[in-house]
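Data file: upload.txt. Format and content: compact mmCIF, C-alpha atoms (C1' of nucleotides).
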# COMPACT_ATOMS: atom_id res chain seq x y z
CA MET F 796 -188.76 16.92 -6.94
CA ASN F 797 -189.64 19.33 -4.21
CA SER F 798 -190.77 21.99 -6.65
CA ARG F 799 -192.83 19.37 -8.45
CA ASP F 800 -194.69 18.51 -5.27
CA ASP F 801 -195.19 22.15 -4.39
CA SER F 802 -196.77 22.81 -7.75
CA VAL F 803 -199.15 19.91 -7.18
CA ILE F 804 -200.08 21.23 -3.78
CA GLU F 805 -200.72 24.65 -5.23
CA VAL F 806 -203.20 23.17 -7.68
CA LEU F 807 -204.97 21.17 -5.00
CA TYR F 808 -205.07 24.19 -2.73
CA ALA F 809 -206.64 26.28 -5.49
CA LEU F 810 -209.08 23.45 -6.13
CA ARG F 811 -210.21 23.50 -2.52
CA ALA F 812 -210.62 27.27 -2.62
CA LEU F 813 -212.69 26.96 -5.77
CA GLY F 814 -214.91 24.31 -4.21
CA ASP F 815 -215.45 26.63 -1.25
CA ALA F 816 -216.28 29.52 -3.57
CA LEU F 817 -218.78 27.45 -5.54
CA ASP F 818 -220.42 26.38 -2.27
CA ARG F 819 -220.75 29.98 -1.24
CA MET F 820 -222.08 31.04 -4.61
CA HIS F 821 -224.71 28.32 -4.43
CA GLY F 822 -225.51 29.32 -0.87
CA ALA F 823 -226.00 32.95 -1.88
CA MET F 824 -228.11 31.95 -4.88
CA GLY F 825 -230.29 29.85 -2.62
CA ASP F 826 -230.77 32.78 -0.27
CA ASP F 827 -231.57 35.14 -3.13
CA MET F 828 -234.04 32.77 -4.71
CA ASP F 829 -235.40 31.83 -1.30
CA MET F 830 -234.84 28.12 -1.68
CA ASN F 831 -232.70 25.49 -0.03
CA GLN F 832 -229.57 23.91 -1.45
CA THR F 833 -231.17 20.61 -2.42
CA ASP F 834 -233.98 22.28 -4.31
CA LEU F 835 -231.44 24.48 -6.08
CA ARG F 836 -229.32 21.45 -6.99
CA ALA F 837 -232.43 19.85 -8.42
CA LEU F 838 -233.03 22.96 -10.49
CA ARG F 839 -229.44 22.92 -11.76
CA MET F 840 -229.74 19.27 -12.71
CA MET F 841 -232.96 19.87 -14.59
CA VAL F 842 -231.56 22.88 -16.44
CA GLU F 843 -228.58 20.77 -17.47
CA ARG F 844 -230.72 17.80 -18.50
CA GLU F 845 -233.05 19.94 -20.56
CA ARG F 846 -230.04 21.59 -22.22
CA SER F 847 -228.95 18.15 -23.41
CA GLY F 848 -232.53 17.23 -24.35
CA GLU F 849 -233.13 14.55 -21.72
CA VAL F 850 -236.25 14.12 -19.60
CA VAL F 851 -236.04 13.85 -15.82
CA SER F 852 -238.01 11.56 -13.54
CA PRO F 853 -238.42 11.90 -9.76
CA HIS F 854 -236.24 8.81 -9.47
CA ASP F 855 -233.45 10.47 -11.46
CA LEU F 856 -233.53 13.41 -9.07
CA ALA F 857 -233.44 11.14 -6.03
CA ARG F 858 -230.40 9.32 -7.40
CA HIS F 859 -228.55 12.49 -8.39
CA LEU F 860 -229.24 14.27 -5.11
CA ARG F 861 -228.73 11.11 -3.07
CA ILE F 862 -231.95 11.58 -1.13
CA SER F 863 -234.80 9.12 -0.73
CA THR F 864 -237.69 9.03 -3.18
CA ALA F 865 -239.90 10.05 -0.26
CA SER F 866 -237.88 13.20 0.31
CA THR F 867 -237.93 13.76 -3.42
CA SER F 868 -241.73 13.71 -3.40
CA LYS F 869 -241.75 16.44 -0.77
CA MET F 870 -239.18 18.41 -2.70
CA LEU F 871 -241.28 18.19 -5.85
CA ASP F 872 -244.26 19.42 -3.81
CA ARG F 873 -242.23 22.47 -2.80
CA LEU F 874 -240.96 23.16 -6.29
CA GLU F 875 -244.40 22.66 -7.80
CA ALA F 876 -246.04 24.91 -5.20
CA SER F 877 -243.49 27.64 -5.91
CA GLY F 878 -244.16 27.37 -9.62
CA HIS F 879 -240.76 25.95 -10.59
CA LEU F 880 -241.89 22.74 -12.19
CA GLU F 881 -244.76 20.60 -13.33
CA ARG F 882 -245.32 16.89 -12.97
CA ARG F 883 -246.32 15.26 -16.23
CA PRO F 884 -247.23 11.68 -17.03
CA HIS F 885 -244.39 9.56 -18.32
CA PRO F 886 -245.01 8.88 -22.01
CA SER F 887 -244.55 5.10 -21.85
CA ASP F 888 -244.61 3.99 -18.19
CA ARG F 889 -247.93 4.72 -16.54
CA ARG F 890 -246.49 4.23 -13.05
CA ALA F 891 -243.89 6.91 -13.64
CA ARG F 892 -243.81 10.67 -13.98
CA ILE F 893 -241.56 13.17 -15.59
CA VAL F 894 -240.91 16.64 -14.26
CA VAL F 895 -240.40 19.71 -16.43
CA LEU F 896 -239.24 23.20 -15.53
CA THR F 897 -241.66 26.06 -16.06
CA PRO F 898 -240.52 28.94 -18.28
CA HIS F 899 -240.76 31.13 -15.16
CA SER F 900 -238.28 28.88 -13.37
CA LYS F 901 -235.73 29.01 -16.16
CA GLN F 902 -236.06 32.78 -16.33
CA THR F 903 -235.59 33.11 -12.58
CA PHE F 904 -232.65 30.75 -12.63
CA PHE F 905 -230.79 32.58 -15.37
CA ALA F 906 -231.72 35.95 -13.94
CA HIS F 907 -229.85 34.94 -10.78
CA PHE F 908 -227.11 32.90 -12.42
CA GLY F 909 -226.52 35.14 -15.43
CA ALA F 910 -224.22 37.63 -13.74
CA HIS F 911 -222.05 34.86 -12.33
CA LEU F 912 -221.98 33.11 -15.67
CA ALA F 913 -220.85 36.28 -17.43
CA ARG F 914 -217.99 36.84 -15.01
CA MET F 915 -216.97 33.21 -15.20
CA SER F 916 -216.95 33.41 -18.98
CA GLU F 917 -214.71 36.47 -18.82
CA VAL F 918 -212.17 34.70 -16.65
CA THR F 919 -212.22 31.77 -19.05
CA ARG F 920 -211.81 34.01 -22.09
CA ASP F 921 -208.53 35.26 -20.64
CA LEU F 922 -207.12 31.82 -21.44
CA SER F 923 -205.72 30.91 -24.84
CA LEU F 924 -207.48 28.20 -26.80
CA ASP F 925 -204.77 25.71 -25.81
CA GLU F 926 -205.05 26.66 -22.19
CA ARG F 927 -208.82 26.22 -22.27
CA ARG F 928 -208.30 22.74 -23.62
CA VAL F 929 -205.81 21.91 -20.86
CA VAL F 930 -208.08 23.31 -18.17
CA ALA F 931 -211.28 21.68 -19.42
CA SER F 932 -209.62 18.31 -19.73
CA PHE F 933 -208.05 18.60 -16.28
CA LEU F 934 -211.34 19.59 -14.68
CA SER F 935 -213.16 16.73 -16.38
CA ARG F 936 -210.59 14.17 -15.37
CA MET F 937 -210.59 15.51 -11.83
CA ALA F 938 -214.37 15.35 -11.63
CA GLU F 939 -214.33 11.81 -12.98
CA THR F 940 -211.65 10.81 -10.48
CA ILE F 941 -213.38 12.37 -7.51
CA ASP F 942 -216.78 10.89 -8.24
CA PRO F 943 -217.04 8.34 -11.05
CA ARG F 944 -220.84 8.43 -10.58
CA MET O 282 -215.66 33.19 -32.94
CA ASN O 283 -217.97 30.26 -32.61
CA SER O 284 -215.20 27.86 -31.72
CA ARG O 285 -213.93 30.36 -29.16
CA ASP O 286 -217.29 30.39 -27.42
CA ASP O 287 -217.60 26.64 -27.55
CA SER O 288 -214.26 26.25 -25.84
CA VAL O 289 -215.41 28.62 -23.11
CA ILE O 290 -218.61 26.67 -22.63
CA GLU O 291 -216.66 23.43 -22.40
CA VAL O 292 -214.60 24.85 -19.56
CA LEU O 293 -217.67 26.12 -17.72
CA TYR O 294 -219.41 22.82 -18.25
CA ALA O 295 -216.45 20.94 -16.80
CA LEU O 296 -216.39 23.40 -13.93
CA ARG O 297 -220.01 22.64 -13.09
CA ALA O 298 -219.33 18.89 -13.27
CA LEU O 299 -216.38 19.35 -10.92
CA GLY O 300 -218.49 21.33 -8.46
CA ASP O 301 -221.03 18.51 -8.50
CA ALA O 302 -218.34 15.91 -7.97
CA LEU O 303 -216.85 17.80 -5.02
CA ASP O 304 -220.33 18.07 -3.49
CA ARG O 305 -220.77 14.34 -3.83
CA MET O 306 -217.34 13.62 -2.41
CA HIS O 307 -218.12 15.79 0.61
CA GLY O 308 -221.49 14.10 0.95
CA ALA O 309 -219.88 10.66 0.93
CA MET O 310 -217.21 11.77 3.41
CA GLY O 311 -219.94 13.06 5.71
CA ASP O 312 -221.72 9.71 5.53
CA ASP O 313 -218.51 7.76 6.17
CA MET O 314 -217.51 9.93 9.09
CA ASP O 315 -221.09 9.99 10.31
CA MET O 316 -221.37 13.76 10.39
CA ASN O 317 -223.38 16.39 8.59
CA GLN O 318 -222.11 18.71 5.87
CA THR O 319 -221.87 21.81 8.04
CA ASP O 320 -219.82 20.04 10.69
CA LEU O 321 -217.55 18.65 7.99
CA ARG O 322 -217.12 22.08 6.43
CA ALA O 323 -216.18 23.38 9.86
CA LEU O 324 -213.60 20.63 10.12
CA ARG O 325 -212.18 21.48 6.70
CA MET O 326 -211.94 25.14 7.63
CA MET O 327 -210.14 24.36 10.85
CA VAL O 328 -207.69 22.00 9.16
CA GLU O 329 -206.92 24.72 6.64
CA ARG O 330 -206.57 27.44 9.27
CA GLU O 331 -204.27 25.34 11.39
CA ARG O 332 -202.20 24.54 8.31
CA SER O 333 -201.63 28.26 7.85
CA GLY O 334 -201.04 28.74 11.57
CA GLU O 335 -204.15 30.76 12.37
CA VAL O 336 -206.47 30.32 15.34
CA VAL O 337 -210.23 29.94 14.90
CA SER O 338 -212.99 31.43 17.03
CA PRO O 339 -216.65 30.36 17.09
CA HIS O 340 -217.42 33.64 15.39
CA ASP O 341 -215.01 32.86 12.54
CA LEU O 342 -216.81 29.58 11.98
CA ALA O 343 -220.23 31.25 11.99
CA ARG O 344 -219.06 33.75 9.38
CA HIS O 345 -217.39 31.17 7.17
CA LEU O 346 -220.31 28.74 7.31
CA ARG O 347 -222.89 31.53 7.12
CA ILE O 348 -224.86 30.17 10.05
CA SER O 349 -225.88 32.02 13.22
CA THR O 350 -223.65 32.08 16.28
CA ALA O 351 -226.43 30.18 18.06
CA SER O 352 -226.26 27.35 15.55
CA THR O 353 -222.49 27.51 15.83
CA SER O 354 -222.71 26.94 19.58
CA LYS O 355 -224.77 23.81 19.02
CA MET O 356 -222.41 22.67 16.31
CA LEU O 357 -219.44 23.11 18.65
CA ASP O 358 -221.34 21.08 21.24
CA ARG O 359 -221.67 18.26 18.71
CA LEU O 360 -218.05 18.43 17.61
CA GLU O 361 -216.83 18.60 21.19
CA ALA O 362 -219.03 15.68 22.26
CA SER O 363 -217.71 13.57 19.39
CA GLY O 364 -214.14 14.39 20.37
CA HIS O 365 -213.29 16.47 17.31
CA LEU O 366 -212.39 19.71 19.04
CA GLU O 367 -211.81 21.50 22.27
CA ARG O 368 -212.91 24.94 23.36
CA ARG O 369 -210.06 26.94 24.85
CA PRO O 370 -210.01 30.40 26.37
CA HIS O 371 -209.03 33.17 23.98
CA PRO O 372 -205.56 34.39 24.96
CA SER O 373 -206.43 38.10 25.11
CA ASP O 374 -210.24 38.48 25.06
CA ARG O 375 -211.83 36.91 28.10
CA ARG O 376 -215.29 36.97 26.50
CA ALA O 377 -214.09 34.94 23.56
CA ARG O 378 -213.02 31.38 22.91
CA ILE O 379 -210.83 29.64 20.42
CA VAL O 380 -211.47 26.14 19.14
CA VAL O 381 -208.73 23.62 18.35
CA LEU O 382 -208.89 20.28 16.61
CA THR O 383 -207.95 17.20 18.59
CA PRO O 384 -205.19 14.98 17.20
CA HIS O 385 -207.85 12.26 16.86
CA SER O 386 -209.92 14.54 14.64
CA LYS O 387 -207.03 15.32 12.31
CA GLN O 388 -206.19 11.64 12.07
CA THR O 389 -209.78 10.72 11.26
CA PHE O 390 -210.03 13.50 8.72
CA PHE O 391 -206.91 12.52 6.82
CA ALA O 392 -207.73 8.85 7.11
CA HIS O 393 -210.93 9.55 5.18
CA PHE O 394 -209.57 12.25 2.92
CA GLY O 395 -206.22 10.64 2.22
CA ALA O 396 -207.35 8.31 -0.54
CA HIS O 397 -209.10 11.12 -2.38
CA LEU O 398 -206.08 13.35 -1.93
CA ALA O 399 -203.79 10.72 -3.38
CA ARG O 400 -205.95 10.26 -6.46
CA MET O 401 -206.29 13.98 -6.93
CA SER O 402 -202.53 14.36 -6.69
CA GLU O 403 -202.07 11.73 -9.37
CA VAL O 404 -204.37 13.52 -11.77
CA THR O 405 -202.47 16.73 -11.11
CA ARG O 406 -199.10 15.06 -11.61
CA ASP O 407 -200.16 14.16 -15.14
CA LEU O 408 -199.85 17.85 -15.95
CA SER O 409 -196.56 19.48 -16.94
CA LEU O 410 -195.16 22.13 -14.64
CA ASP O 411 -196.38 24.84 -17.02
CA GLU O 412 -199.83 23.33 -17.17
CA ARG O 413 -200.01 23.17 -13.39
CA ARG O 414 -199.20 26.86 -13.28
CA VAL O 415 -201.94 27.65 -15.80
CA VAL O 416 -204.50 25.51 -13.99
CA ALA O 417 -203.68 26.77 -10.50
CA SER O 418 -203.84 30.38 -11.61
CA PHE O 419 -207.11 29.83 -13.45
CA LEU O 420 -208.69 28.09 -10.48
CA SER O 421 -207.57 30.84 -8.12
CA ARG O 422 -208.87 33.60 -10.36
CA MET O 423 -212.13 31.75 -10.83
CA ALA O 424 -212.55 31.27 -7.08
CA GLU O 425 -211.77 34.93 -6.47
CA THR O 426 -214.27 35.97 -9.15
CA ILE O 427 -217.03 33.72 -7.93
CA ASP O 428 -216.73 34.69 -4.30
CA PRO O 429 -214.38 37.58 -3.43
CA ARG O 430 -215.07 36.77 0.27
C1' DC K 1108 -218.72 55.68 35.41
C1' DT K 1109 -222.21 54.57 32.74
C1' DA K 1110 -223.97 53.01 28.17
C1' DT K 1111 -223.34 50.26 24.35
C1' DT K 1112 -221.47 46.56 21.98
C1' DT K 1113 -219.65 41.97 21.48
C1' DC K 1114 -219.11 37.24 22.88
C1' DG K 1115 -220.98 32.64 23.40
C1' DC K 1116 -224.89 30.27 25.31
C1' DT K 1117 -229.90 28.41 26.15
C1' DA K 1118 -234.80 27.85 24.90
C1' DG K 1119 -238.16 27.08 21.68
C1' DT K 1120 -239.64 26.90 16.63
C1' DT K 1121 -239.30 25.51 11.83
C1' DT K 1122 -237.42 23.09 7.91
C1' DA K 1123 -236.05 19.32 5.40
C1' DG K 1124 -234.14 15.16 5.77
C1' DC K 1125 -235.25 10.05 7.10
C1' DT K 1126 -237.89 5.18 7.47
C1' DA K 1127 -242.05 2.56 7.00
C1' DG K 1128 -245.57 1.33 4.44
C1' DC K 1129 -249.49 2.03 0.81
C1' DG K 1130 -251.96 1.48 -3.85
C1' DA K 1131 -251.31 1.30 -8.76
C1' DA K 1132 -248.82 -0.26 -12.69
C1' DT K 1133 -245.41 -3.21 -14.69
C1' DT K 1134 -242.68 -7.36 -15.33
C1' DA K 1135 -241.52 -12.25 -14.40
C1' DT K 1136 -242.94 -17.06 -13.41
C1' DC K 1137 -245.68 -20.94 -13.61
C1' DG X 720 -253.62 -16.16 -18.60
C1' DA X 721 -253.32 -16.08 -13.57
C1' DT X 722 -250.48 -14.77 -9.93
C1' DA X 723 -246.27 -13.43 -7.65
C1' DA X 724 -242.68 -10.05 -7.26
C1' DT X 725 -240.93 -5.62 -8.32
C1' DT X 726 -241.03 -0.69 -9.27
C1' DC X 727 -243.09 3.85 -9.10
C1' DG X 728 -244.48 7.87 -6.53
C1' DC X 729 -246.98 9.10 -2.52
C1' DT X 730 -248.40 9.94 2.67
C1' DA X 731 -247.59 9.71 7.67
C1' DG X 732 -244.77 10.27 11.36
C1' DC X 733 -240.04 11.01 13.36
C1' DT X 734 -235.52 13.35 13.86
C1' DA X 735 -231.64 16.43 13.02
C1' DA X 736 -230.05 20.78 12.44
C1' DA X 737 -231.04 25.13 11.07
C1' DC X 738 -233.43 29.53 12.75
C1' DT X 739 -234.92 33.76 16.09
C1' DA X 740 -235.15 35.78 20.59
C1' DG X 741 -233.08 36.84 24.47
C1' DC X 742 -229.60 36.12 28.49
C1' DG X 743 -225.28 37.22 31.47
C1' DA X 744 -220.40 38.35 31.27
C1' DA X 745 -216.69 40.94 29.45
C1' DA X 746 -214.87 44.69 26.66
C1' DT X 747 -215.00 49.30 24.79
C1' DA X 748 -216.82 54.19 23.88
C1' DG X 749 -218.39 58.61 25.45
Could you show the structure in this file as structure tokens?
Amino acid sequence: MNSRDDSVIEVLYALRALGDALDRMHGAMGDDMDMNQTDLRALRMMVERERSGEVVSPHDLARHLRISTASTSKMLDRLEASGHLERRPHPSDRRARIVVLTPHSKQTFFAHFGAHLARMSEVTRDLSLDERRVVASFLSRMAETIDPR
Amino acid sequence: MNSRDDSVIEVLYALRALGDALDRMHGAMGDDMDMNQTDLRALRMMVERERSGEVVSPHDLARHLRISTASTSKMLDRLEASGHLERRPHPSDRRARIVVLTPHSKQTFFAHFGAHLARMSEVTRDLSLDERRVVASFLSRMAETIDPR
DNA sequence: CTATTTCGCTAGTTTAGCTAGCGAATTATC
DNA sequence: GATAATTCGCTAGCTAAACTAGCGAAATAG
């Protein structure tokens, strides 16, 4: 019983350390790319959304980042001025906009994230296929538990 | 070969989702406790350091949070004013200080973190002992890889 | 013993959030 | 079909929390 609890605590401890490490990685990436954390989170969201073939509206960004639509407008100004994205008309709703990443932005993003990604892949490849399944499912369930969205 | 890569990507995808979820949890905790992210990160660091029996100086906090010592001073002012910590003289270096959490602060922290912790423990308890070992070791190695400190 | 470094602090500036409120477009109600 | 209500993104103005520069006190090096 005691050893069971200890093993749980070890996992949670490692989870906290990982969260810290991710924070720091994001912090360093922000410094390198000369942008703040929110703007970088927006970039990450857009990369992910484009990967899965979805379009992103300013409203989506506001919801995801939990900032006001007003602050989102200013953020989009920054990201547009720095050449990271473009505002485009929404195809069906003439009130709305969609935002799309520029090729330059994606290049910059992966140029800075690529090295991390490679090292993270390596660590993951050390796992067996079964272990990857266990880990991926655990991480997903944990994410879902922590923030059901 | 293809399925191997897919399984890696699934893990990394879940990892990103988890990072997002932790961010959101911390954001919500900050809102609930009416404090900003940096101050909350400071609190988390101090809880952790006290757990492992170490003392914390303003300088330690500045390094960990990657903010200037000037900003750290102001942050300590905030945390002291809100009754979260006390500045104490450093036992051996009369220039320096150490900062300690108040009992009230620890109570508040765990009152807000407790529910999350319980749910996270549950998810972890669904794993077998072997799986916990695999997960904990993976998370630790990943954290170490991402940010060797 | 003097010079340099380290510690935390204050003062003033900048950045990036916030709320309030606007016009334009859409959707619901009569 | 007219009009009322809602939704969308934006601007203006305010505030919080970071930053840099520079200070005095204490510690350490030459």
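The interatomic distance for the pair CA of Ala392 (chain O) and CA of Gly311 (chain O) works out to 13.0 Å.
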Counting all atoms listed in the file, which residues of chain F sit at most 10 Å from some atom of chain X, and what is each one's closest atom pair with its distance in Å to one decimal, listed by chain and rising residue number, as a Markdown table?
| residue | atom | partner | partner_atom | distance |
| --- | --- | --- | --- | --- |
| F:Pro853 | CA | X:DG728 | C1' | 8.0 |
| F:His854 | CA | X:DC727 | C1' | 8.5 |
| F:Thr864 | CA | X:DG728 | C1' | 7.7 |
| F:Ala865 | CA | X:DC729 | C1' | 7.5 |
| F:Thr867 | CA | X:DG728 | C1' | 9.3 |
| F:Ser868 | CA | X:DC729 | C1' | 7.0 |
| F:Lys869 | CA | X:DC729 | C1' | 9.2 |
| F:Asp888 | CA | X:DC727 | C1' | 9.2 |
| F:Arg889 | CA | X:DC727 | C1' | 8.9 |
| F:Arg890 | CA | X:DC727 | C1' | 5.2 |
| F:Ala891 | CA | X:DC727 | C1' | 5.5 |
| F:Arg892 | CA | X:DG728 | C1' | 8.0 |
Enumerate, as number ranges by chain, the protein, DNA and RNA residues whose atoms approach (-208.2, 22.2, -21.4) to within 12 Å, taking into account all atoms listed in the file and the coordinate frame of the file. F: 919, 922-937; O: 288-296, 408, 412-413, 415-416, 419
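The spacing separating C1' of DG1130 (chain K) from CA of Leu860 (chain F) amounts to 26.1 Å.
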Return the single residue from O:Ala343, O:Val328, O:Val404, O:Ala396 that is closest to chain K, with distances computed using all atoms listed in the file. O:Ala343
Can you fill out region 382-407 of chain O with N, CA and C atoms and hand it back as a compact mmCIF listing (two decimals), in the frame of the given file?
# COMPACT_ATOMS: atom_id res chain seq x y z
N LEU O 382 -208.63 21.67 16.97
CA LEU O 382 -208.89 20.28 16.61
C LEU O 382 -208.10 19.35 17.52
N THR O 383 -208.69 18.22 17.86
CA THR O 383 -207.95 17.20 18.59
C THR O 383 -207.10 16.42 17.59
N PRO O 384 -206.01 15.83 18.08
CA PRO O 384 -205.19 14.98 17.20
C PRO O 384 -206.06 13.88 16.57
N HIS O 385 -206.94 13.30 17.36
CA HIS O 385 -207.85 12.26 16.86
C HIS O 385 -208.63 12.74 15.65
N SER O 386 -209.11 13.99 15.72
CA SER O 386 -209.92 14.54 14.64
C SER O 386 -209.10 14.65 13.35
N LYS O 387 -207.89 15.17 13.49
CA LYS O 387 -207.03 15.32 12.31
C LYS O 387 -206.72 13.96 11.70
N GLN O 388 -206.44 12.99 12.57
CA GLN O 388 -206.19 11.64 12.07
C GLN O 388 -207.38 11.10 11.29
N THR O 389 -208.55 11.20 11.91
CA THR O 389 -209.78 10.72 11.26
C THR O 389 -209.98 11.41 9.92
N PHE O 390 -209.83 12.73 9.93
CA PHE O 390 -210.03 13.50 8.72
C PHE O 390 -209.12 13.01 7.60
N PHE O 391 -207.85 12.91 7.89
CA PHE O 391 -206.91 12.52 6.82
C PHE O 391 -207.04 11.05 6.46
N ALA O 392 -207.47 10.24 7.44
CA ALA O 392 -207.73 8.85 7.11
C ALA O 392 -208.82 8.75 6.05
N HIS O 393 -209.83 9.60 6.14
CA HIS O 393 -210.93 9.55 5.18
C HIS O 393 -210.64 10.35 3.92
N PHE O 394 -209.83 11.37 4.06
CA PHE O 394 -209.57 12.25 2.92
C PHE O 394 -208.35 11.78 2.14
N GLY O 395 -207.50 11.03 2.79
CA GLY O 395 -206.22 10.64 2.22
C GLY O 395 -206.30 9.99 0.86
N ALA O 396 -207.22 9.04 0.72
CA ALA O 396 -207.35 8.31 -0.54
C ALA O 396 -207.73 9.27 -1.68
N HIS O 397 -208.70 10.12 -1.38
CA HIS O 397 -209.10 11.12 -2.38
C HIS O 397 -207.91 11.99 -2.77
N LEU O 398 -207.22 12.46 -1.72
CA LEU O 398 -206.08 13.35 -1.93
C LEU O 398 -205.05 12.71 -2.84
N ALA O 399 -204.79 11.43 -2.58
CA ALA O 399 -203.79 10.72 -3.38
C ALA O 399 -204.21 10.67 -4.84
N ARG O 400 -205.48 10.35 -5.08
CA ARG O 400 -205.95 10.26 -6.46
C ARG O 400 -205.96 11.63 -7.14
N MET O 401 -206.29 12.64 -6.36
CA MET O 401 -206.29 13.98 -6.93
C MET O 401 -204.87 14.43 -7.26
N SER O 402 -203.93 14.03 -6.42
CA SER O 402 -202.53 14.36 -6.69
C SER O 402 -202.06 13.72 -7.98
N GLU O 403 -202.45 12.44 -8.15
CA GLU O 403 -202.07 11.73 -9.37
C GLU O 403 -202.53 12.45 -10.62
N VAL O 404 -203.81 12.83 -10.61
CA VAL O 404 -204.37 13.52 -11.77
C VAL O 404 -203.57 14.80 -12.03
N THR O 405 -203.21 15.47 -10.97
CA THR O 405 -202.47 16.73 -11.11
C THR O 405 -201.07 16.48 -11.63
N ARG O 406 -200.47 15.37 -11.19
CA ARG O 406 -199.10 15.06 -11.61
C ARG O 406 -199.01 14.73 -13.10
N ASP O 407 -200.16 14.40 -13.70
CA ASP O 407 -200.16 14.16 -15.14
C ASP O 407 -199.92 15.44 -15.93
